[in-house]
>>> print(open('data21.csv').read())   # CSV, C-alpha atoms
chain,number,residue,atom,x,y,z
A,87,MET,CA,-1.2,10.0,2.4
A,88,TYR,CA,-2.0,6.6,4.0
A,89,GLU,CA,-1.9,3.1,2.7
A,90,ALA,CA,-3.8,0.1,4.1
A,91,VAL,CA,-1.8,-3.1,4.3
A,92,HIS,CA,-2.1,-6.8,5.2
A,93,ALA,CA,0.6,-7.6,7.8
A,94,TYR,CA,2.0,-10.9,9.0
A,95,PRO,CA,0.4,-13.4,9.9
A,96,ASP,CA,-2.1,-12.5,7.1
A,97,GLY,CA,0.6,-11.1,4.8
A,98,GLU,CA,4.2,-11.8,4.2
A,99,ALA,CA,5.7,-8.8,6.0
A,100,THR,CA,5.5,-7.7,9.6
A,101,VAL,CA,4.0,-4.4,10.6
A,102,ALA,CA,7.4,-3.0,11.3
A,103,ARG,CA,8.7,-4.0,7.8
A,104,HIS,CA,5.6,-2.4,6.2
A,105,ALA,CA,6.1,0.7,8.3
A,106,ALA,CA,9.8,1.0,7.4
A,107,THR,CA,9.0,0.5,3.7
A,108,ALA,CA,6.0,2.9,3.6
A,109,ALA,CA,8.1,5.6,5.4
A,110,ARG,CA,10.7,5.3,2.7
A,111,ARG,CA,8.0,5.4,0.0
A,112,GLY,CA,6.7,8.7,1.3
A,113,TYR,CA,3.5,7.7,3.2
A,114,ASP,CA,2.4,9.5,6.3
A,115,GLY,CA,0.9,6.4,7.8
A,116,ILE,CA,-0.2,2.8,7.4
A,117,VAL,CA,-3.5,1.2,8.3
A,118,VAL,CA,-2.9,-2.4,9.4
A,119,ARG,CA,-5.9,-4.4,8.2
A,120,THR,CA,-4.8,-7.6,10.0
A,121,ARG,CA,-6.5,-8.0,13.3
A,122,ASP,CA,-3.9,-10.4,14.7
A,123,ALA,CA,-0.9,-8.1,13.8
A,124,LEU,CA,-1.4,-5.4,16.4
A,125,ASP,CA,-2.9,-4.8,19.8
A,126,PRO,CA,-5.7,-2.3,19.8
A,127,ALA,CA,-4.5,1.2,20.5
A,128,VAL,CA,-5.6,2.4,23.9
A,129,GLY,CA,-8.6,4.6,23.2
A,130,GLY,CA,-8.6,8.3,23.7
A,131,GLU,CA,-5.8,10.9,23.9
A,132,GLU,CA,-3.0,8.3,24.1
A,133,SER,CA,-3.7,6.8,20.7
A,134,ALA,CA,-4.0,10.2,19.1
A,135,ALA,CA,-0.4,11.1,20.2
A,136,THR,CA,1.6,9.3,17.5
A,137,GLY,CA,4.8,9.8,19.4
A,138,GLY,CA,3.7,7.7,22.4
A,139,ASP,CA,6.4,6.7,24.8
A,140,GLY,CA,5.8,3.0,24.6
A,141,SER,CA,4.8,2.8,28.2
A,142,THR,CA,1.4,1.6,27.2
A,143,ALA,CA,2.9,-1.5,25.9
A,144,ALA,CA,5.0,-2.1,28.9
A,145,ALA,CA,2.0,-1.5,31.2
A,146,ARG,CA,0.0,-4.2,29.5
A,147,ASP,CA,3.0,-6.5,29.4
A,148,GLU,CA,3.0,-6.8,25.6
A,149,SER,CA,5.9,-6.8,23.2
A,150,PRO,CA,6.5,-3.5,21.4
A,151,VAL,CA,6.3,-5.1,18.0
A,152,ARG,CA,2.5,-5.3,18.5
A,153,ASP,CA,2.1,-1.8,19.9
A,154,PRO,CA,1.1,0.9,17.3
A,155,ALA,CA,2.5,3.7,19.4
A,156,ALA,CA,5.9,2.1,19.7
A,157,LEU,CA,6.0,1.3,16.0
A,158,SER,CA,5.0,4.9,15.1
A,159,GLU,CA,7.8,6.2,17.2
A,160,GLU,CA,10.4,3.8,15.8
A,161,TYR,CA,9.6,4.5,12.1
A,162,GLY,CA,8.3,8.1,12.3
A,163,ILE,CA,5.1,7.1,10.5
A,164,ASP,CA,1.6,6.7,11.9
A,165,VAL,CA,0.6,3.1,12.5
A,166,VAL,CA,-3.1,2.5,12.8
A,167,ASP,CA,-4.8,-0.5,14.3
A,168,ALA,CA,-7.7,-1.6,12.1
A,169,VAL,CA,-9.7,-4.8,11.5
A,170,GLU,CA,-11.1,-6.4,8.4
A,171,ILE,CA,-14.2,-8.4,9.0
A,172,ASP,CA,-14.6,-11.4,6.9
A,173,ALA,CA,-18.0,-12.8,7.5
A,174,ASP,CA,-20.2,-15.3,5.7
A,175,ASP,CA,-23.4,-13.5,6.1
A,176,PRO,CA,-24.7,-10.1,7.4
A,177,THR,CA,-25.8,-11.5,10.8
A,178,SER,CA,-22.3,-12.6,11.8
A,179,ALA,CA,-20.8,-9.5,10.2
A,180,SER,CA,-23.1,-7.4,12.4
A,181,GLY,CA,-21.9,-9.1,15.5
A,182,ALA,CA,-18.3,-8.7,14.6
A,183,VAL,CA,-18.7,-5.0,13.8
A,184,GLY,CA,-20.3,-4.5,17.2
A,185,ASN,CA,-17.3,-6.3,18.9
A,186,TYR,CA,-14.5,-4.4,17.1
A,187,ARG,CA,-16.1,-1.0,16.8
A,188,SER,CA,-15.1,0.0,20.3
A,189,ASP,CA,-11.5,-1.1,20.3
A,190,ARG,CA,-10.2,-0.6,16.7
A,191,SER,CA,-9.6,2.8,15.0
A,192,VAL,CA,-10.8,1.6,11.6
A,193,VAL,CA,-13.4,-1.1,10.9
A,194,CYS,CA,-13.5,-2.5,7.4
A,195,VAL,CA,-15.9,-5.1,6.1
A,196,ILE,CA,-14.8,-7.4,3.2
A,197,GLY,CA,-17.4,-7.3,0.5
A,198,GLY,CA,-17.6,-9.5,-2.6
A,199,ASP,CA,-21.1,-10.8,-1.9
A,200,ASP,CA,-24.3,-8.9,-2.6
A,201,ALA,CA,-25.7,-9.4,0.9
A,202,LEU,CA,-22.5,-8.3,2.6
A,203,ASN,CA,-22.1,-5.3,0.3
A,204,ARG,CA,-25.6,-4.2,1.1
A,205,PHE,CA,-25.0,-4.8,4.8
A,206,ALA,CA,-21.8,-2.8,4.9
A,207,VAL,CA,-23.0,0.3,3.2
A,208,GLU,CA,-26.2,0.5,5.3
A,209,GLN,CA,-24.2,0.4,8.6
A,210,ALA,CA,-22.9,3.8,9.7
A,211,ARG,CA,-20.7,1.9,12.2
A,212,VAL,CA,-18.7,0.5,9.3
A,213,ASP,CA,-15.9,2.7,8.0
A,214,VAL,CA,-14.9,1.1,4.8
A,215,LEU,CA,-16.4,-1.5,2.5
A,216,VAL,CA,-13.3,-3.2,1.1
A,217,ARG,CA,-13.0,-5.2,-2.2
A,218,PRO,CA,-16.7,-4.9,-3.0
A,219,MET,CA,-16.2,-6.3,-6.5
A,220,ALA,CA,-13.9,-9.2,-5.7
A,221,SER,CA,-15.1,-12.8,-6.1
A,222,GLY,CA,-18.3,-12.0,-8.0
A,223,GLY,CA,-19.6,-9.2,-5.9
A,224,ASP,CA,-21.5,-6.3,-7.5
A,225,PHE,CA,-22.3,-2.7,-6.9
A,226,ASN,CA,-25.1,-0.5,-7.9
A,227,HIS,CA,-26.8,2.8,-7.5
A,228,VAL,CA,-28.8,1.7,-4.4
A,229,LEU,CA,-25.6,0.8,-2.6
A,230,ALA,CA,-23.8,4.0,-3.7
A,231,LYS,CA,-26.6,6.1,-2.3
A,232,ALA,CA,-26.6,4.2,0.9
A,233,ALA,CA,-22.9,4.5,1.2
A,234,ARG,CA,-23.1,8.2,0.7
A,235,ASP,CA,-25.9,8.7,3.2
A,236,ASN,CA,-24.2,6.5,5.9
A,237,GLY,CA,-20.7,7.8,5.2
A,238,VAL,CA,-19.3,4.4,4.4
A,239,ARG,CA,-16.2,4.6,2.2
A,240,VAL,CA,-16.0,2.2,-0.7
A,241,GLU,CA,-12.5,0.9,-1.6
A,242,PHE,CA,-11.0,0.9,-5.0
A,243,ASP,CA,-8.7,-2.1,-4.9
A,244,PHE,CA,-5.7,-1.5,-7.1
A,245,GLY,CA,-4.2,-4.9,-6.2
A,246,PRO,CA,-5.3,-6.9,-9.3
A,247,ALA,CA,-4.6,-3.9,-11.6
A,248,LEU,CA,-1.0,-4.0,-10.3
A,249,ARG,CA,-0.4,-7.7,-9.9
A,250,ALA,CA,-2.9,-9.8,-11.8
A,251,THR,CA,-2.4,-10.7,-15.5
A,252,GLY,CA,-4.5,-11.8,-18.4
A,253,GLY,CA,-8.3,-12.3,-18.1
A,254,LYS,CA,-8.3,-11.8,-14.4
A,255,ARG,CA,-6.9,-8.4,-14.7
A,256,VAL,CA,-9.2,-7.4,-17.5
A,257,ARG,CA,-12.2,-8.4,-15.4
A,258,ALA,CA,-10.8,-6.5,-12.4
A,259,LEU,CA,-10.2,-3.4,-14.5
A,260,ALA,CA,-13.7,-3.6,-15.9
A,261,ASP,CA,-15.1,-3.9,-12.4
A,262,LEU,CA,-13.0,-0.9,-11.3
A,263,ARG,CA,-14.4,1.1,-14.1
A,264,LYS,CA,-18.0,0.2,-13.2
A,265,LEU,CA,-17.4,1.0,-9.6
A,266,ARG,CA,-15.7,4.3,-10.4
A,267,GLU,CA,-18.6,5.5,-12.6
A,268,ILE,CA,-21.2,4.6,-10.0
A,269,VAL,CA,-19.3,6.1,-7.1
A,270,ALA,CA,-18.4,9.3,-9.0
A,271,HIS,CA,-22.0,9.8,-10.1
A,272,TYR,CA,-23.5,9.6,-6.6
A,273,ASP,CA,-20.5,11.3,-5.0
A,274,ALA,CA,-20.1,8.5,-2.5
A,275,PRO,CA,-17.0,8.6,-0.3
A,276,TYR,CA,-14.1,6.3,-1.3
A,277,VAL,CA,-10.6,5.1,-0.5
A,278,VAL,CA,-7.8,3.8,-2.7
A,279,SER,CA,-5.4,1.1,-1.8
A,280,ALA,CA,-3.0,-1.4,-3.4
A,281,ASN,CA,-3.9,-4.1,-0.8
A,282,ALA,CA,-0.2,-4.9,-0.3
A,283,ARG,CA,0.4,-8.3,1.4
A,284,SER,CA,4.1,-7.8,1.7
A,285,HIS,CA,6.6,-4.9,1.7
A,286,LEU,CA,7.4,-5.8,-2.0
A,287,GLU,CA,3.8,-5.1,-3.0
A,288,LEU,CA,3.8,-1.6,-1.6
A,289,ARG,CA,4.0,1.1,-4.2
A,290,ALA,CA,4.7,4.8,-3.7
A,291,PRO,CA,1.8,7.3,-4.0
A,292,ARG,CA,3.1,8.7,-7.2
A,293,GLU,CA,3.3,5.2,-8.8
A,294,LEU,CA,-0.3,4.5,-7.7
A,295,VAL,CA,-1.4,7.8,-9.2
A,296,ALA,CA,0.4,7.0,-12.5
A,297,ALA,CA,-1.1,3.5,-12.6
A,298,GLY,CA,-4.5,4.9,-11.7
A,299,GLU,CA,-4.2,7.4,-14.6
A,300,ALA,CA,-3.3,4.6,-17.0
A,301,ILE,CA,-6.4,2.7,-16.1
A,302,GLY,CA,-8.7,5.7,-16.3
A,303,PHE,CA,-8.8,7.3,-12.9
A,304,ASP,CA,-8.3,11.0,-12.4
A,305,ALA,CA,-4.9,11.7,-10.8
A,306,GLU,CA,-6.5,13.9,-8.1
A,307,ALA,CA,-9.1,11.3,-7.4
A,308,VAL,CA,-6.4,8.7,-6.6
A,309,ARG,CA,-4.6,11.2,-4.3
A,310,GLU,CA,-7.9,12.0,-2.6
A,311,GLY,CA,-8.5,8.3,-2.1
A,312,LEU,CA,-5.1,7.8,-0.4
A,313,ARG,CA,-5.7,10.9,1.8
A,314,ALA,CA,-9.1,9.6,2.7
A,315,TRP,CA,-7.6,6.9,5.0
A,316,GLY,CA,-5.8,9.6,7.0
A,317,ASP,CA,-9.0,11.7,7.3
A,318,LEU,CA,-10.9,8.6,8.4
A,319,VAL,CA,-8.3,7.8,11.1
A,320,GLU,CA,-8.3,11.4,12.3
A,321,ARG,CA,-12.1,11.4,12.6
A,322,ASN,CA,-12.2,8.1,14.4
A,323,ARG,CA,-9.5,9.1,16.9
A,324,GLU,CA,-11.3,12.2,17.7
A,325,ARG,CA,-14.5,10.2,18.2
A,326,ARG,CA,-12.8,7.8,20.6
A,327,SER,CA,-11.1,10.5,22.6
A,328,GLU,CA,-12.4,11.2,26.0
A,329,GLY,CA,-13.8,14.6,25.5
A,330,PHE,CA,-16.0,13.6,22.6
A,331,ILE,CA,-19.8,13.5,23.2
A,332,GLU,CA,-21.2,13.7,19.7
A,333,PRO,CA,-20.2,15.5,16.5
A,334,GLY,CA,-19.8,19.2,17.4
A,335,VAL,CA,-20.1,18.6,21.1
A,336,ARG,CA,-16.9,18.2,23.2
A,337,ARG,CA,-16.4,18.1,27.0
A,338,GLY,CA,-13.7,20.5,27.9
A,339,ARG,CA,-12.9,24.0,29.3
A,340,TYR,CA,-15.0,27.0,28.5
A,341,GLU,CA,-13.4,29.3,26.0
A,342,GLU,CA,-11.8,32.2,27.8
A,343,ASP,CA,-13.4,35.1,25.9
A,344,GLY,CA,-16.5,33.4,24.5
B,96,MET,CA,24.0,4.8,-40.5
B,97,LYS,CA,24.6,8.5,-40.4
B,98,HIS,CA,23.1,9.9,-37.3
B,99,LEU,CA,20.1,12.1,-37.4
B,100,PRO,CA,20.2,15.9,-37.3
B,101,LYS,CA,19.7,17.1,-33.8
B,102,HIS,CA,16.1,18.2,-34.1
B,103,LEU,CA,15.0,14.8,-35.4
B,104,ARG,CA,16.7,12.8,-32.7
B,105,PRO,CA,14.3,11.4,-30.1
B,106,ARG,CA,14.5,13.1,-26.7
B,107,TRP,CA,14.8,10.8,-23.7
B,108,ARG,CA,14.2,10.8,-20.0
B,109,TYR,CA,16.1,8.4,-17.8
B,110,LEU,CA,14.3,6.8,-14.9
B,111,ALA,CA,16.3,5.7,-11.9
B,112,VAL,CA,14.5,2.6,-10.6
B,113,GLY,CA,15.1,1.0,-7.2
B,114,ILE,CA,14.4,-2.7,-7.0
B,115,GLU,CA,13.8,-4.8,-3.9
B,116,SER,CA,13.3,-8.6,-3.6
B,117,TRP,CA,13.7,-11.4,-1.1
B,118,ALA,CA,17.3,-11.7,-0.1
B,119,ASP,CA,17.7,-15.1,-1.6
B,120,ALA,CA,16.0,-14.3,-5.0
B,121,GLU,CA,18.0,-14.0,-8.2
B,122,VAL,CA,16.8,-11.2,-10.5
B,123,GLY,CA,18.6,-11.1,-13.9
B,124,ARG,CA,19.0,-8.3,-16.3
B,125,ARG,CA,17.3,-10.0,-19.2
B,126,ALA,CA,14.4,-11.2,-17.0
B,127,PHE,CA,13.9,-7.7,-15.7
B,128,GLN,CA,13.9,-6.2,-19.2
B,129,ARG,CA,11.4,-8.8,-20.3
B,130,ALA,CA,9.1,-8.1,-17.2
B,131,LEU,CA,9.3,-4.3,-18.0
B,132,TRP,CA,8.2,-4.8,-21.6
B,133,TYR,CA,5.5,-7.3,-20.7
B,134,SER,CA,4.2,-4.9,-18.1
B,135,ALA,CA,4.1,-2.0,-20.6
B,136,GLY,CA,2.6,-4.2,-23.3
B,137,ASN,CA,-0.1,-5.4,-21.0
B,138,LEU,CA,-0.9,-2.0,-19.5
B,139,LEU,CA,-0.4,0.4,-22.4
B,140,GLY,CA,-0.8,-1.9,-25.4
B,141,ASP,CA,1.7,-2.4,-28.2
B,142,ALA,CA,1.4,1.2,-29.4
B,143,GLY,CA,1.8,2.7,-25.9
B,144,SER,CA,4.6,0.4,-25.1
B,145,ALA,CA,6.5,1.4,-28.3
B,146,ASP,CA,6.0,5.0,-27.5
B,147,ALA,CA,7.3,4.7,-24.0
B,148,ASP,CA,10.3,2.6,-25.1
B,149,LEU,CA,11.4,1.4,-21.6
B,150,THR,CA,14.9,0.1,-22.7
B,151,LEU,CA,17.0,-1.0,-19.8
B,152,LEU,CA,20.4,0.8,-19.9
B,153,SER,CA,22.0,-0.4,-16.7
B,154,PHE,CA,21.1,-2.9,-14.2
B,155,ALA,CA,22.5,-4.3,-10.9
B,156,HIS,CA,21.0,-6.6,-8.4
B,157,ALA,CA,22.4,-8.5,-5.5
B,158,ASP,CA,21.4,-9.6,-2.0
B,159,GLY,CA,17.8,-8.5,-2.4
B,160,THR,CA,18.4,-5.0,-3.6
B,161,GLY,CA,19.1,-3.5,-7.0
B,162,GLU,CA,18.8,-0.5,-9.2
B,163,ALA,CA,18.4,0.2,-12.9
B,164,VAL,CA,18.4,3.0,-15.4
B,165,VAL,CA,15.4,2.8,-17.8
B,166,ARG,CA,15.2,4.9,-20.9
B,167,VAL,CA,11.9,6.5,-21.6
B,168,ARG,CA,10.7,8.7,-24.5
B,169,HIS,CA,10.2,12.3,-23.4
B,170,GLY,CA,6.5,13.0,-22.8
B,171,HIS,CA,5.7,9.4,-21.9
B,172,VAL,CA,7.1,9.5,-18.4
B,173,ASP,CA,3.8,9.0,-16.6
B,174,ASP,CA,2.9,6.0,-18.8
B,175,ALA,CA,6.3,4.6,-18.0
B,176,ARG,CA,5.9,5.1,-14.3
B,177,ALA,CA,2.6,3.3,-14.4
B,178,ALA,CA,4.2,0.4,-16.3
B,179,VAL,CA,7.1,0.2,-13.9
B,180,ALA,CA,4.6,0.2,-11.0
B,181,CYS,CA,2.9,-2.8,-12.5
B,182,VAL,CA,6.0,-5.0,-12.5
B,183,SER,CA,5.2,-7.3,-9.6
B,184,GLU,CA,7.2,-10.3,-10.5
B,185,VAL,CA,10.4,-11.0,-12.4
B,186,ASP,CA,10.8,-14.7,-13.3
B,187,GLY,CA,8.3,-15.7,-10.7
B,188,GLU,CA,10.1,-13.8,-7.9
B,189,PRO,CA,8.1,-11.0,-6.4
B,190,VAL,CA,9.8,-7.6,-6.6
B,191,GLY,CA,9.2,-4.3,-4.9
B,192,ILE,CA,9.9,-1.4,-7.3
B,193,ARG,CA,10.0,2.3,-7.1
B,194,VAL,CA,11.0,5.2,-9.3
B,195,ARG,CA,13.7,7.1,-7.4
B,196,GLY,CA,13.8,10.0,-9.8
B,197,ILE,CA,14.0,11.1,-13.4
B,198,SER,CA,16.8,12.9,-15.2
B,199,GLY,CA,17.5,14.3,-18.6
B,200,THR,CA,20.9,12.6,-19.0
B,201,VAL,CA,22.2,9.2,-18.0
B,202,ARG,CA,25.0,10.8,-16.1
B,203,ALA,CA,22.8,13.0,-14.0
B,204,CYS,CA,20.6,10.1,-13.3
B,205,GLU,CA,23.5,8.0,-12.1
B,206,GLU,CA,25.1,10.8,-10.1
B,207,ARG,CA,21.9,11.8,-8.4
B,208,TYR,CA,20.0,8.6,-7.8
B,209,MET,CA,22.3,5.6,-8.2
B,210,GLY,CA,25.1,3.8,-6.3
B,211,ARG,CA,23.7,4.3,-2.9
B,212,ALA,CA,25.7,2.2,-0.6
B,213,THR,CA,23.5,-0.6,0.9
B,214,ALA,CA,24.6,-2.7,3.8
B,215,SER,CA,25.6,-6.1,2.7
B,216,SER,CA,23.5,-9.0,3.6
B,217,THR,CA,24.5,-11.6,6.2
B,218,GLN,CA,22.9,-15.0,6.7
B,219,ARG,CA,22.2,-15.9,10.3
B,220,ASP,CA,19.6,-17.3,12.6
B,221,VAL,CA,17.4,-14.7,14.2
B,222,ALA,CA,14.8,-14.9,17.0
B,223,PHE,CA,11.3,-14.3,15.7
B,224,GLU,CA,8.1,-15.0,17.7
B,225,GLY,CA,9.9,-17.1,20.3
B,226,ALA,CA,11.9,-19.4,17.9
B,227,GLU,CA,15.2,-19.3,16.0
B,228,ARG,CA,14.6,-18.8,12.2
B,229,PRO,CA,17.1,-18.8,9.4
B,230,GLY,CA,17.2,-15.4,7.8
B,231,PHE,CA,19.1,-12.8,5.9
B,232,ALA,CA,19.8,-9.5,7.6
B,233,ARG,CA,20.6,-6.4,5.6
B,234,GLY,CA,20.7,-3.2,7.5
B,235,ASP,CA,17.4,-2.8,9.3
B,236,ALA,CA,15.7,-5.3,7.1
B,237,CYS,CA,15.6,-9.0,7.8
B,238,ASP,CA,14.1,-11.7,5.5
B,239,LEU,CA,13.1,-14.8,7.3
B,240,ARG,CA,11.8,-18.3,6.6
B,241,VAL,CA,9.0,-19.3,8.8
B,242,GLU,CA,8.1,-22.9,8.0
B,243,SER,CA,7.8,-22.8,4.2
B,244,ALA,CA,6.7,-19.2,3.9
B,245,ARG,CA,8.9,-16.1,3.7
B,246,VAL,CA,8.4,-13.2,6.1
B,247,GLY,CA,9.8,-9.7,5.8
B,248,ALA,CA,10.8,-8.4,9.2
B,249,THR,CA,13.0,-5.8,10.7
B,250,THR,CA,15.5,-5.7,13.5
B,251,PHE,CA,12.7,-4.1,15.5
B,252,ASP,CA,10.8,-7.5,15.3
B,253,THR,CA,13.8,-9.7,16.0
B,254,GLU,CA,15.3,-8.1,19.1
>>> encode(input="data21.csv", output="structure tokens")
Amino acid sequence: MYEAVHAYPDGEATVARHAATAARRGYDGIVVRTRDALDPAVGGEESAATGGDGSTAAARDESPVRDPAALSEEYGIDVVDAVEIDADDPTSASGAVGNYRSDRSVVCVIGGDDALNRFAVEQARVDVLVRPMASGGDFNHVLAKAARDNGVRVEFDFGPALRATGGKRVRALADLRKLREIVAHYDAPYVVSANARSHLELRAPRELVAAGEAIGFDAEAVREGLRAWGDLVERNRERRSEGFIEPGVRRGRYEEDG
Amino acid sequence: MKHLPKHLRPRWRYLAVGIESWADAEVGRRAFQRALWYSAGNLLGDAGSADADLTLLSFAHADGTGEAVVRVRHGHVDDARAAVACVSEVDGEPVGIRVRGISGTVRACEERYMGRATASSTQRDVAFEGAERPGFARGDACDLRVESARVGATTFDTE
């Protein structure tokens, strides 16, 4: 299971601290949403090998604390370079998606605005629409169908459920329920995350499952949402590997007895 | 009062809870108990909170790490786990929290999950992003102050 975190300078813990904590909590990997926290993994085979030798960092004269492969090796947990695109309108978001698609393993778009939500689910280049219901955003059947058809995952943000209180939390839970019902009905792909901004906000998978059950989620659905990050990373790494031409077509050797 | 016959006594489970906070934060026993009950009350409602119980039996916290034994009514462990996961602050101090394990007796709980030796914390200046920052180092973890914000780092970051 994977978790997606905000790391320093966006959050209050460095990637290394997140990785160390997540490894203790029983995660297989972390997806670092903060663009400035990590250098992009070098595309292809190298990024797929989690136990890289760190020479990629040395070669580019970068410090190992920003190198996903070196961090993976140090903490025995997969560290994935991702980016969250925070744009004001679909036009600038579209430009940013084009810029980051080629050098980041996971591309997320921050929703929370009707136009941006619509943009994100209609772009197959976008991997995840994160926080679609935050700050007044809304979700409906049209978006759910588009997300399903384009393979864009919709994020269930457990952050407010775990950390907010009072009316804010009530509204967040109501939004989660609405989103859950729409997503489940149209069978749209989804991910689950606690949106941790520091190592203290990370929760173990079992805790997230228990909290999810308490607020009405199915336990298996929460686990599936945590695993979905890992599936996404695996798919994207394969797509960025050198042998990849298109889904189902790879460049490589002939099979011996084909 | 005379104690209950055995078949009427409530059956308990004991949660071993690990607590983590910033190294310079104080987390008290009473404040933690209050946070637990508030969290349960808010998440599960008064009825669910009463069912789960969530009484703190033992508590220790120093230098940014701590542990506690929480009593939970048998059959409400999942609710209790959810309530524990929703404790995000104690007295305004953010805390990281996890359930280490569950036992049927306090003694088993303590023997199996508690009293793990943690490295003691030392206060020193560490190099982080090209500048010396005041910080607390504890084992691999290192809590720093960068300007007015707190940053969690590790020795991997500061070497």
>>> atom_distance(input="data21.csv", atom1="CA of Ala102 in chain A", atom2="CA of Asp114 in chain A")
14.4 Å
>>> residues_around(input="data21.csv", residues="Ala178 in chain B", least_positions_apart="6", cutoff="7 Å", atoms="only C-alpha atoms", output="PyMOL selection string")
chain B and resi 134-135+138
>>> write_last_selection(input="data21.csv", atoms="C-alpha atoms", output="mmCIF file, in the coordinates of the input")
data_model
loop_
_atom_site.group_PDB
_atom_site.id
_atom_site.type_symbol
_atom_site.label_atom_id
_atom_site.label_comp_id
_atom_site.auth_asym_id
_atom_site.auth_seq_id
_atom_site.Cartn_x
_atom_site.Cartn_y
_atom_site.Cartn_z
ATOM 1 C CA SER B 134 4.200 -4.900 -18.100
ATOM 2 C CA ALA B 135 4.100 -2.000 -20.600
ATOM 3 C CA LEU B 138 -0.900 -2.000 -19.500
#
>>> closest_atom_pairs(input="data21.csv", of="chain A", to="chain B", cutoff="6 Å", atoms="all atoms listed in the file", output="tab-separated table")
residue	atom	partner	partner_atom	distance
A:Glu98	CA	B:Val246	CA	4.8
A:Ala99	CA	B:Gly247	CA	4.2
A:Thr100	CA	B:Ala248	CA	5.4
A:Arg103	CA	B:Ala248	CA	5.1
A:Val151	CA	B:Asp252	CA	5.8
A:Leu248	CA	B:Cys181	CA	4.6
A:Arg249	CA	B:Ser183	CA	5.6
A:Leu286	CA	B:Gly191	CA	3.7
A:Glu287	CA	B:Gly191	CA	5.8
A:Glu293	CA	B:Ala180	CA	5.6
A:Ala296	CA	B:Ala177	CA	4.7
A:Ala297	CA	B:Ala177	CA	4.1
>>> write_last_selection(input="data21.csv", atoms="C-alpha atoms", output="PDB file, keeping the file's coordinate frame")
ATOM      1  CA  GLU A  98       4.200 -11.800   4.200  1.00  0.00           C
ATOM      2  CA  ALA A  99       5.700  -8.800   6.000  1.00  0.00           C
ATOM      3  CA  THR A 100       5.500  -7.700   9.600  1.00  0.00           C
ATOM      4  CA  ARG A 103       8.700  -4.000   7.800  1.00  0.00           C
ATOM      5  CA  VAL A 151       6.300  -5.100  18.000  1.00  0.00           C
ATOM      6  CA  LEU A 248      -1.000  -4.000 -10.300  1.00  0.00           C
ATOM      7  CA  ARG A 249      -0.400  -7.700  -9.900  1.00  0.00           C
ATOM      8  CA  LEU A 286       7.400  -5.800  -2.000  1.00  0.00           C
ATOM      9  CA  GLU A 287       3.800  -5.100  -3.000  1.00  0.00           C
ATOM     10  CA  GLU A 293       3.300   5.200  -8.800  1.00  0.00           C
ATOM     11  CA  ALA A 296       0.400   7.000 -12.500  1.00  0.00           C
ATOM     12  CA  ALA A 297      -1.100   3.500 -12.600  1.00  0.00           C
TER      13      ALA A 297
END
>>> residues_around(input="data21.csv", residues="Pro176 in chain A", least_positions_apart="3", cutoff="6 Å", atoms="all atoms listed in the file", output="compact mmCIF listing (two decimals) with C-alpha atoms, keeping the file's coordinate frame")
# COMPACT_ATOMS: atom_id res chain seq x y z
CA ALA A 179 -20.80 -9.50 10.20
CA SER A 180 -23.10 -7.40 12.40
CA LEU A 202 -22.50 -8.30 2.60
CA PHE A 205 -25.00 -4.80 4.80
>>> atom_distance(input="data21.csv", atom1="CA of Val319 in chain A", atom2="CA of Ala220 in chain A")
24.5 Å
>>> atom_distance(input="data21.csv", atom1="CA of His169 in chain B", atom2="CA of Pro105 in chain B")
7.9 Å
>>> residues_around(input="data21.csv", residues="range 212-217 of chain A", least_positions_apart="2", cutoff="6 Å", atoms="all atoms listed in the file", output="list in words")
Val193, Cys194, Val195, Ile196, Gly197, Gln209, Ala210, Met219, Ala220, Val238, Arg239, Val240, Glu241 and Asp243 of chain A
>>> residues_around(input="data21.csv", residues="Leu312 in chain A", least_positions_apart="3", cutoff="7 Å", atoms="all atoms listed in the file", output="list in words")
Met87, Tyr88, Glu89, Val277, Val278, Ser279, Val308, Arg309 and Trp315 of chain A
>>> write_last_selection(input="data21.csv", atoms="C-alpha atoms", output="PDB file, in the coordinates of the input")
ATOM      1  CA  MET A  87      -1.200  10.000   2.400  1.00  0.00           C
ATOM      2  CA  TYR A  88      -2.000   6.600   4.000  1.00  0.00           C
ATOM      3  CA  GLU A  89      -1.900   3.100   2.700  1.00  0.00           C
ATOM      4  CA  VAL A 277     -10.600   5.100  -0.500  1.00  0.00           C
ATOM      5  CA  VAL A 278      -7.800   3.800  -2.700  1.00  0.00           C
ATOM      6  CA  SER A 279      -5.400   1.100  -1.800  1.00  0.00           C
ATOM      7  CA  VAL A 308      -6.400   8.700  -6.600  1.00  0.00           C
ATOM      8  CA  ARG A 309      -4.600  11.200  -4.300  1.00  0.00           C
ATOM      9  CA  TRP A 315      -7.600   6.900   5.000  1.00  0.00           C
TER      10      TRP A 315
END
>>> closest_residue(input="data21.csv", among="B:Gly159, B:Arg240, B:Ala111, B:Gly143", to="Val221 in chain B", atoms="all atoms listed in the file")
B:Arg240
>>> residues_around(input="data21.csv", residues="Met209 in chain B", least_positions_apart="6", cutoff="9 Å", atoms="all atoms listed in the file", output="list of chain:residue names")
B:Ala111, B:Val112, B:Gly113, B:Glu162, B:Ala163, B:Val164, B:Arg195
>>> closest_residue(input="data21.csv", among="B:Leu151, B:Met96, B:Ala145, B:Ala232", to="Ala130 in chain B", atoms="all atoms listed in the file")
B:Leu151
>>> residues_near_point(input="data21.csv", point="(24.6, -9.9, -7.8)", cutoff="12 Å", atoms="all atoms listed in the file", output="list in words")
Ala118, Asp119, Ala120, Glu121, Val122, Gly123, Arg124, Phe154, Ala155, His156, Ala157, Asp158, Gly159, Thr160, Gly161, Glu162, Ser215 and Ser216 of chain B
